[in-house]
Each structure stands twice: as structure tokens, then as C-alpha cells.
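Below: one structure, written as C-alpha cells.
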Number of protein chains: 2
Amino acid sequence: MDKRVTIRDIARKTGVSVATVSNVINGVNKASEQTKKIVLQAIKEMGYQPNLTARSLSVNRSRMIGVLLPIDESTSASLLLRDNPFYGEFISGVEYQAMMSGYDVLISGFRPGQSCREWILKRDLDGIVFVGNYTAAVSNDAKEFGSQLVLVDSYDEGLQKHHSINIDDVQGGYAAAKHLLDLGHKNIAIAASNILVDGAIYRRFCGYKDALAESGIFLRNDFIFQDTLSFDGGYRIGLRLLEQTDKISAVFAVADIMAFGIIKAFYENGKQIPRDLSIVGFDDIKTCEYIIPPLTSVHQPVYEKGITAVNILVDAIKNPDIPKRNVLFPLKLTERGSAMNFCERRVCASASL
Amino acid sequence: MDKRVTIRDIARKTGVSVATVSNVINGVNKASEQTKKIVLQAIKEMGYQPNLTARSLSVNRSRMIGVLLPIDESTSASLLLRDNPFYGEFISGVEYQAMMSGYDVLISGFRPGQSCREWILKRDLDGIVFVGNYTAAVSNDAKEFGSQLVLVDSYDEGLQKHHSINIDDVQGGYAAAKHLLDLGHKNIAIAASNILVDGAIYRRFCGYKDALAESGIFLRNDFIFQDTLSFDGGYRIGLRLLEQTDKISAVFAVADIMAFGIIKAFYENGKQIPRDLSIVGFDDIKTCEYIIPPLTSVHQPVYEKGITAVNILVDAIKNPDIPKRNVLFPLKLTERGSAMNFCERRVCASASL
DNA sequence: CTATGTTTGTTAACCGTTTAACTTTTTCTG
DNA sequence: CAGAAAAAGTTAAACGGTTAACAAACATAG
């Protein structure tokens with residue numbers, strides 16, 4: 001069944017030593033053109049494929065990178081991939097760039113209490129892309145066992161000791177709020193998860209706060225709505241917002257799925273977006289285009305993050321001494337139909353009376 | 001830097017041979033309780049982790065499975081993961097079950113012209129989950145090199161020579177059309193991609209046709225709308241449907257994203273769903289819940305497909321001689337708000353005059 | 001024609017594990 | 001208590017590559 005052709009078979013067939021075959025395969029210039037040709041010919045004829053497992057063992061390099069993804073904490077089981085299209089796009093970028101660079105990619109959820117030490121050691125991973133909340137243990141493991149590390153969305157606040165990729169949440173939050181301000185809104189709420197728990201959300205909140213402050217608007221505590229970072233959480237916030245449409249004319253939702261929940265709550269109660277509430281989301285997932293009205297959202301370049309993560313990782317693998325790189329992606333708001341001018345809104349509203 | 005502890009270190013430290021250490025690790029009952037204890041103790045103390053690369057080489061089993069995913073043909077670059085949340089959920093299921101079974105999972109796009117022979121040989125993959133359009137070459141490769149294979153959504157029509165996982169597209173299409181028929185609709189269009197090209201789409205179409213026939217309704221050719229399987233394709237079909245709202249009261253979209261496009265076209269032209277058109281989608285992606293109105297859709301158990309694929313694969317790896325299993329998931333329609341009773345619709349329409 | 005350098009190769013150890021075959025020690029049996 | 005059987009442990013080859021060290025063949029220069 002398993003008719004594997006080995007380097008020794010090639011050697012035997014061509015009458016040279018295994019070392020020579022190996023050299024030819026690896027482009028070490030130690031063979032005459034003549035033998036090279038013969039060896040390559042045999043390789044082709046016999047359908048030889050180098051066994052990377054054996055190579056890994058020998059050179060202590062696997063040419064594999066691992067991607068550690070956050071886990072749905074409620075089930076502690078499935079990857080966050082399940083509900084969040086977001087990560088799928090990220091992986092897509094990772095896979096593409098890894099393939100282009102000659103690496104294979106292993107994926108795994110990073111489950112609570114787990115360390116990545118085990119994984120790195122077991123599989124000889126050349127590098128790992130860690131997505132989500134970073135812990136010191138992770139980097140220690142990587143460092144100790146010679147595996148390179150790129151942190152994504154981890155926002156290693158401290159000393160920039162690792163390669164990292166982040167989006168500029170503060171600027172994104174700012175852009176969202178600024179957009180609403182520019183449309184003439186003054187009473188702008190924010191729909192968020194627990195602001196003090198999640199760093200990214202906190203930073204988006206800060207950007208929002210900055211924009212308000214810049215416009216001389218005082219941040220009101222009762223304009224801060226917090227619930228779970230989910231469709232349902234957004235829905236519940238939507239219900240609360242419904243009671244205050246007289247006071248609040250716009251909302252910045254720190255995640256698109258929360259925005260969708262809000263929209264649903266309004267729709268179910270006969271209110272219209274953006275007439276009764278202007279809304280800006282964050283992430284710009286694909287669904288924003290589909291929904292009605294299409295959701296204005298702060299776009300983050302998820303695919304590019306995957307590409308960039310691998311680029312940096314591969315550089316670091318090739319040369320472990322390169323200085324740490326910390327990429328901060330600027331964010332841009334994608335304007336769609338879910339936020340409208342405050343004044344036109346009043347016109348619109350009165351017309352409908 | 002790389003302070004790997006090997007089996008030899010353990011042997012040296014405990015004063016036994018490497019074979020004994022290996023036996024203890026693998027649970028081969030050949031060591032006294034006494035030595036077992038000592039060895040396990042040393043393993044713990046020294047933080048030993050077996051090197052699976054070495055083990056792979058030795059036993060010719062990698063404990064890795066590969067997932068081959070379809071590629072976006074337009075770019076020939078990124079995984080279909082990018083735009084289709086669908087595959088993310090599938091991978092999530094695969095990863096979970098693989099983890100539970102002690103396997104690591106490699107992912108890769110299956111790019112045109114590629115064979116999986118290379119991959120299997122290079123990495124010693126124990127098995128592969130192949131998603132999408134199956135080609136004979138794939139199974140030959142797997143068979144030849146002792147790697148197990150599970151086909152997903154490949155619908156290997158012929159002799160059931162491989163393990164496979166499919167959804168019952170025919171039944172799903174039937175369920176969609178039947179739902180609309182039960183609501184009193186008689187003029188039901190279908191929005192599809194090229195029916196003759198994609199097997200799955202063709203089967204959904206057949207189910208639709210069957211349901212109509214069963215109700216004694218003749219299939220009209222001008223009720224078959226074909227465009228690309230995309231949001232934009234759906235949008236264009238939506239524009240065409242708009243001109244025939246007098247003739248057509250309902251549509252079955254063979255994919256949710258097409259349904260979204262149709263909804264958008266109607267929305268943009270001041271028409272309402274489901275008042276002006278009842279619509280049923282297929283796939284039941286997460287977005288169906290978010291959209292307004294929430295889309296009634298034929299649900300397919302994507303996560304479960306991932307779980308099942310791995311279960312079968314692992315069984316087959318453990319025992320290559322088990323008979324081929326062919327799982328066909330029945331599909332269930334999830335009712336939401338996008339399809340309404342034909343008669344109530346007329347009431348509703350006249351009320352709005 | 002020798003000394004020297006270069007090109008082209010080979011040999012054999014090594015990477016970290018498994019495992020068949022063998023040996024030693026212990027236990028059991030009559 | 002001898003001999004057999006069972007238990008506990010060891011040795012060494014294998015898996016499929018890489019690579020340092022060495023060697024032969026050939027070309028070149030003086």
C-alpha cells in the first residue's frame with residue numbers, strides 16, 4: 001500500500017550517494033550538471049516527495065506554523081470561528097501567505113488552562129500566531145523553545161517585547177463617533193460589552209470619548225450601555241434605547257453584531273433606522289452589506305492582518321534577531337445607510353407625522 | 001535556547017533504558033510499578049514532552065489530519081472561508097473533534113491543478129477531510145499512500161467507494177418549496193446559480209421541482225432565474241423579479257446570500273418582504289437571524305458535519321477496513337419572517353392601497 | 001611534473017522515537 | 001530445589017532525511 005519512495009531509492013537507482021541526492025534536492029551546489037540532471041530525472045520518474053517529517057527531525061525545523069485561536073468561553077469547546085465570520089477571513093489570509101512562503105498551518109483553539117509549550121514541543125512548530133488575549137506564559141513558552149511568536153489583537157500594552165499586530169481601536173472609536181458628530185448628532189450613546197474587561201472595547205470607548213470631548217460634549221454616564229458582546233446583548237440594549245429616542249439620536253456599537261441586535265429591536269417595535277436612530281458599527285463584517293439598511297461600520301482589514309502576521313512570523317523565523325515589529329492598522333469608516341444627518345432626520349420624522 | 005528534554009535524558013536520569021521509558025510513556029505493560037513511578041516522576045520533573053515528529057517518523061503515523069478546502073476561483077488565492085462564514089463553522093467542528101480524538105489539524109486550500117498526494121506524502125497525514133468537488137485523483141492519492149479520506153459535500157454519485165458526508169439537498173429543496181406551497185403560493189420562482197454546473201444546486205432544484213409536481217403545478221421555465229451564486233447575483237435576480245410581482249408571489253433562493261441580494265433589490269425599490277414577495281433561503285447562515293425580516297431558510301448542520309467528518313475519519317484511521325460510511329444529513333427548514341401566507345398577503349397588500 | 005586548489009563526490013553520525021529480538025531476573029510449579 | 005514460565009528490562013536497528021568531515025578526480029599554475 002504505502003509505496004513511499006525515499007532518498008535512498010533515488011540514490012540506488014542513479015548510482016550516487018544519498019548525500020548527493022540530498023544536496024541536489026536542496027540546491028546545494030556540489031554536484032555536476034550531469035549528475036544533477038540524472039538525479040532530478042529519477043526524482044521525477046519515481047514520483048519522489050521529500051518527507052518533511054524526517055527533515056524536521058533532522059534540522060529541528062518543521063516548516064509548520066501554528067495558529068492559536070480564542071475559544072467560545074461559554075462552551076469551552078468550539079473555536080470562536082463558529083459564530084464569528086471574522087476569524088475565518090483571518091485564517092484565510094494566514095493560509096494564503098503561509099502557502100506562499102512554503103509553510104503549512106496548524107490550527108487549534110487556545111483553551112483555558114492550556115499552555116502552548118506542549119504544542120510547540122510536540123510538533124516542532126517554527127512559529128505561532130497567537131490571536132486574542134495574550135498571557136505571559138505563552139511568550140515564555142515560545143521563547144524557551146525557539147519558536148517565533150506574533151501576537152494578534154493581544155495588545156501587549158507593556159514593553160513591546162513581541163511582534164504584534166493590532167488595529168487602532170482608539171482611532172476607530174474616534175472615527176465612529178466623529179462620523180456621527182459630523183452628521184450633527186449631539187446625543188450619542190455607546191453600546192458596548194463590559195468596558196473594563198476587554199482591552200479592545202475599552203480602547204474603542206476611549207476613542208469615542210475623545211471625539212465627544214473634542215466637540216465639547218460632556219460624556220454622560222447614562223449614555224453608556226453595557227451588555228454581552230453578542231447579537232442578544234445588542235438586542236437588549238436596543239430595547240433600552242427605544243425608551244429614550246427623545247434623548248438619544250445616535251449610537252456607536254462597538255461590534256457589528258451588537259448593532260444588528262439593536263436594529264432588530266427597533267424594527268420589531270416599528271421604528272426605523274436611520275430615521276429614529278443613527279447607528280455606526282465596528283468590524284465591518286460581510287453581513288453589514290446585506291442588512292437593511294446596510295450598516296455603516298468601522299472597517300478592519302482582517303484578511304490583511306492574516307497576511308501580515310505570517311509575513312512577520314516568517315521573517316522572524318528566518319532571522320530570529322530582527323527587532324520586534326509592532327504593526328498598528330489604521331481603521332477607516334465605511335459609510336453605508338445606517339447613519340443620517342441629524343437635521344434631515346427631523347425633517348423626515350415630522351414628514352411622517 | 002532550545003532545551004528539549006528527550007527520552008534519553010529521562011533514561012539517563014532514572015537509570016533505565018530508553019526502551020523502558022518509551023514503554024512507560026506508551027502504556028506498554030512491561031515495566032514494574034516501581035520503575036513506572038520513577039519514570040513518570042522524572043518525566044514530570046524534567047518537563048518532558050514526546051516529540052511527535054520523531055514518533056511520526058518511527059511509526060509512520062503523524063496524528064495529524066488535513067482539511068482541504070475549496071478556493072475562491074476568481075482570485076485562485078484565498079480560501080472560500082473568506083466570504084463564507086459557513087466554512088469557519090465547519091472548521092470549528094473539525095478542530096474540536098480532532099482535539100478530542102488526539103489529532104492535530106492542518107488546513108489548506110485545494111488549488112486548481114494541485115494534487116493532495118504531495119501533502120499526504122510530505123506530512124505523513126493520517127487522513128484528510130476533503131471539502132467540495134471531488135476528483136478521482138484525490139482518492140487515488142489517498143488510497144495509494146495509506147491516508148484515509150472523508151469527502152464532504154462532494155456527492156460522489158458513483159459507487160460509494162469513499163466515506164462521505166452530505167446534506168440531503170433534494171429533500172432540502174423540497175422542504176423549501178413545500179413550505180411556500182403550504183402557505184398557499186402557486187407561482188414560486190427559483191433563484192439559483194447555473195443549475196447544470198453545480199451538483200448540489202441541481203439537487204436543490206430537483207427537490208423544488210418535485211414539490212411543485214406533487215402539488216400538480218407545472219414547472220415554468222421563465223420561473224427559473226439563474227445568476228452567480230453571490231449576493232450580487234441575487235441582487236440582479238431581485239431586479240428581474242421586481243418586474244413580475246404580479247405573476248410571482250414567492251421565490252426559493254438556493255443560497256442565503258442570493259436571498260439577501262433579492263431582499264436588497266426589493267428594499268431599494270420600496271417593496272417589502274414578505275408582503276410583496278415571500279422568500280425562503282438555503283444554508284441558514286448566522287446572518288439569517290440578523291437580517292430584516294429574518295430569513296426563513298433550510299438549515300444545514302455545518303458544525304455537526306465537521307464533528308462527524310472527524311469521527312468517521314478517526315474510525316477509518318484506526319481500522320482501515322471498516323466498510324465505507326455515507327452520511328446524508330436530513331435538513332430542516334427554520335421558519336422566520338420572510339415567507340407569509342399567500343392570502344394574508346393579499347389582505348395586507350390591499351390594506352396598504 | 002609537482003604542488004595546489006577546485007569540483008564532485010562519499011561516509012557515517014545524528015535528529016528522537018519505536019519495537020523486534022534478546023537477556024536477565026523473578027515467580028511459580030511439581 | 002530444579003526447571004519452566006512469566007515479568008522486567010536491554011540492545012540495536014529502523015524510520016527518512018541532513019551535514020560535517022573526509023576523499024578522489026580533475027584542472028591550473030609555476
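Simple scheme: letters A, B, ... for chains in C-alpha cells order, numbers from 1 for residues in each chain, numbers from 1 for ligands in the order shown.
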Taking only C-alpha atoms (C1' of nucleotides) into account, produce a table as a tab-separated table in which each residue of chain C with an atom at most 7 Å from an atom of chain B appears once, together with its shortest atom pair and the distance in Å to one decimal, ordered by chain and rising number.
```
residue	atom	partner	partner_atom	distance
C:DG16	C1'	B:Ala54	CA	5.0
C:DT17	C1'	B:Arg55	CA	4.8
C:DT18	C1'	B:Ser58	CA	5.8
```
Shell of 8 Å around C:DT8, only C-alpha atoms (C1' of nucleotides), local chain residues under 6 positions omitted, as a PyMOL selection string | (chain A and resi 30-32) or (chain D and resi 25)
Filtered DSSP result for stretch 18-190 of chain A, state alpha helix (DSSP H), as a ChimeraX atom specification = /A:18-25,33-46,52-59,85-101,117-123,136-144,169-182
Closest-contact table, chain A side, partner chain B, 7 Å, counting only C-alpha atoms, as JSON lines:
```
{"residue": "A:Met1", "atom": "CA", "partner": "B:Glu144", "partner_atom": "CA", "distance": 5.9}
{"residue": "A:Asp2", "atom": "CA", "partner": "B:Phe145", "partner_atom": "CA", "distance": 4.8}
{"residue": "A:Lys3", "atom": "CA", "partner": "B:Phe145", "partner_atom": "CA", "distance": 6.6}
{"residue": "A:Gln49", "atom": "CA", "partner": "B:Lys122", "partner_atom": "CA", "distance": 6.4}
{"residue": "A:Pro50", "atom": "CA", "partner": "B:Lys122", "partner_atom": "CA", "distance": 6.0}
{"residue": "A:Asn51", "atom": "CA", "partner": "B:Lys122", "partner_atom": "CA", "distance": 4.6}
{"residue": "A:Leu52", "atom": "CA", "partner": "B:Lys122", "partner_atom": "CA", "distance": 5.1}
{"residue": "A:Thr53", "atom": "CA", "partner": "B:Thr53", "partner_atom": "CA", "distance": 5.8}
{"residue": "A:Ala54", "atom": "CA", "partner": "B:Leu57", "partner_atom": "CA", "distance": 6.1}
{"residue": "A:Ser56", "atom": "CA", "partner": "B:Thr53", "partner_atom": "CA", "distance": 7.0}
{"residue": "A:Leu57", "atom": "CA", "partner": "B:Ala54", "partner_atom": "CA", "distance": 6.0}
{"residue": "A:Ala77", "atom": "CA", "partner": "B:Tyr96", "partner_atom": "CA", "distance": 6.5}
{"residue": "A:Ser78", "atom": "CA", "partner": "B:Ser92", "partner_atom": "CA", "distance": 5.7}
{"residue": "A:Leu79", "atom": "CA", "partner": "B:Ser92", "partner_atom": "CA", "distance": 5.2}
{"residue": "A:Leu81", "atom": "CA", "partner": "B:Gly88", "partner_atom": "CA", "distance": 5.3}
{"residue": "A:Arg82", "atom": "CA", "partner": "B:Glu89", "partner_atom": "CA", "distance": 4.1}
{"residue": "A:Asp83", "atom": "CA", "partner": "B:Glu89", "partner_atom": "CA", "distance": 7.0}
{"residue": "A:Pro85", "atom": "CA", "partner": "B:Pro85", "partner_atom": "CA", "distance": 4.7}
{"residue": "A:Gly88", "atom": "CA", "partner": "B:Gly88", "partner_atom": "CA", "distance": 5.0}
{"residue": "A:Glu89", "atom": "CA", "partner": "B:Arg82", "partner_atom": "CA", "distance": 4.2}
{"residue": "A:Ser92", "atom": "CA", "partner": "B:Leu79", "partner_atom": "CA", "distance": 5.2}
{"residue": "A:Gly93", "atom": "CA", "partner": "B:Ser78", "partner_atom": "CA", "distance": 6.8}
{"residue": "A:Glu95", "atom": "CA", "partner": "B:Ser108", "partner_atom": "CA", "distance": 6.5}
{"residue": "A:Tyr96", "atom": "CA", "partner": "B:Ser78", "partner_atom": "CA", "distance": 5.9}
{"residue": "A:Val105", "atom": "CA", "partner": "B:Leu106", "partner_atom": "CA", "distance": 5.6}
{"residue": "A:Leu106", "atom": "CA", "partner": "B:Leu106", "partner_atom": "CA", "distance": 4.4}
{"residue": "A:Ile107", "atom": "CA", "partner": "B:Val105", "partner_atom": "CA", "distance": 6.1}
{"residue": "A:Ser108", "atom": "CA", "partner": "B:Glu95", "partner_atom": "CA", "distance": 6.5}
{"residue": "A:Glu118", "atom": "CA", "partner": "B:Gln49", "partner_atom": "CA", "distance": 6.6}
{"residue": "A:Leu121", "atom": "CA", "partner": "B:Gln49", "partner_atom": "CA", "distance": 6.4}
{"residue": "A:Lys122", "atom": "CA", "partner": "B:Asn51", "partner_atom": "CA", "distance": 4.6}
{"residue": "A:Arg123", "atom": "CA", "partner": "B:Leu52", "partner_atom": "CA", "distance": 5.8}
{"residue": "A:Glu144", "atom": "CA", "partner": "B:Met1", "partner_atom": "CA", "distance": 5.9}
{"residue": "A:Phe145", "atom": "CA", "partner": "B:Asp2", "partner_atom": "CA", "distance": 4.8}
{"residue": "A:Gly146", "atom": "CA", "partner": "B:Asp2", "partner_atom": "CA", "distance": 5.7}
{"residue": "A:Phe260", "atom": "CA", "partner": "B:Tyr290", "partner_atom": "CA", "distance": 5.8}
{"residue": "A:Thr287", "atom": "CA", "partner": "B:Thr287", "partner_atom": "CA", "distance": 6.4}
{"residue": "A:Tyr290", "atom": "CA", "partner": "B:Phe260", "partner_atom": "CA", "distance": 5.8}
{"residue": "A:Ile291", "atom": "CA", "partner": "B:Ile291", "partner_atom": "CA", "distance": 5.2}
{"residue": "A:Ile292", "atom": "CA", "partner": "B:Ile292", "partner_atom": "CA", "distance": 6.4}
```
Would you mind telling me which residue in D:DA13, D:DA29, D:DA21, D:DA7 lies nearest to chain B when using only C-alpha atoms (C1' of nucleotides)?
->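 When distances to chain B are compared using only C-alpha atoms (C1' of nucleotides), the smallest one comes from D:DA7.
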For stretch 25-27 of chain C: contacts at 9 Å, only C-alpha atoms (C1' of nucleotides), fewer than 6 positions along chain excluded, given as an NGL selection string | :D and (5-9)
Name all residues at most 9 Å from A:Ala265 (count only C-alpha atoms (C1' of nucleotides); drop same-chain ones fewer than 3 positions away) and give them as number ranges by chain.
-> A: 234-239, 242, 260-262, 268-271
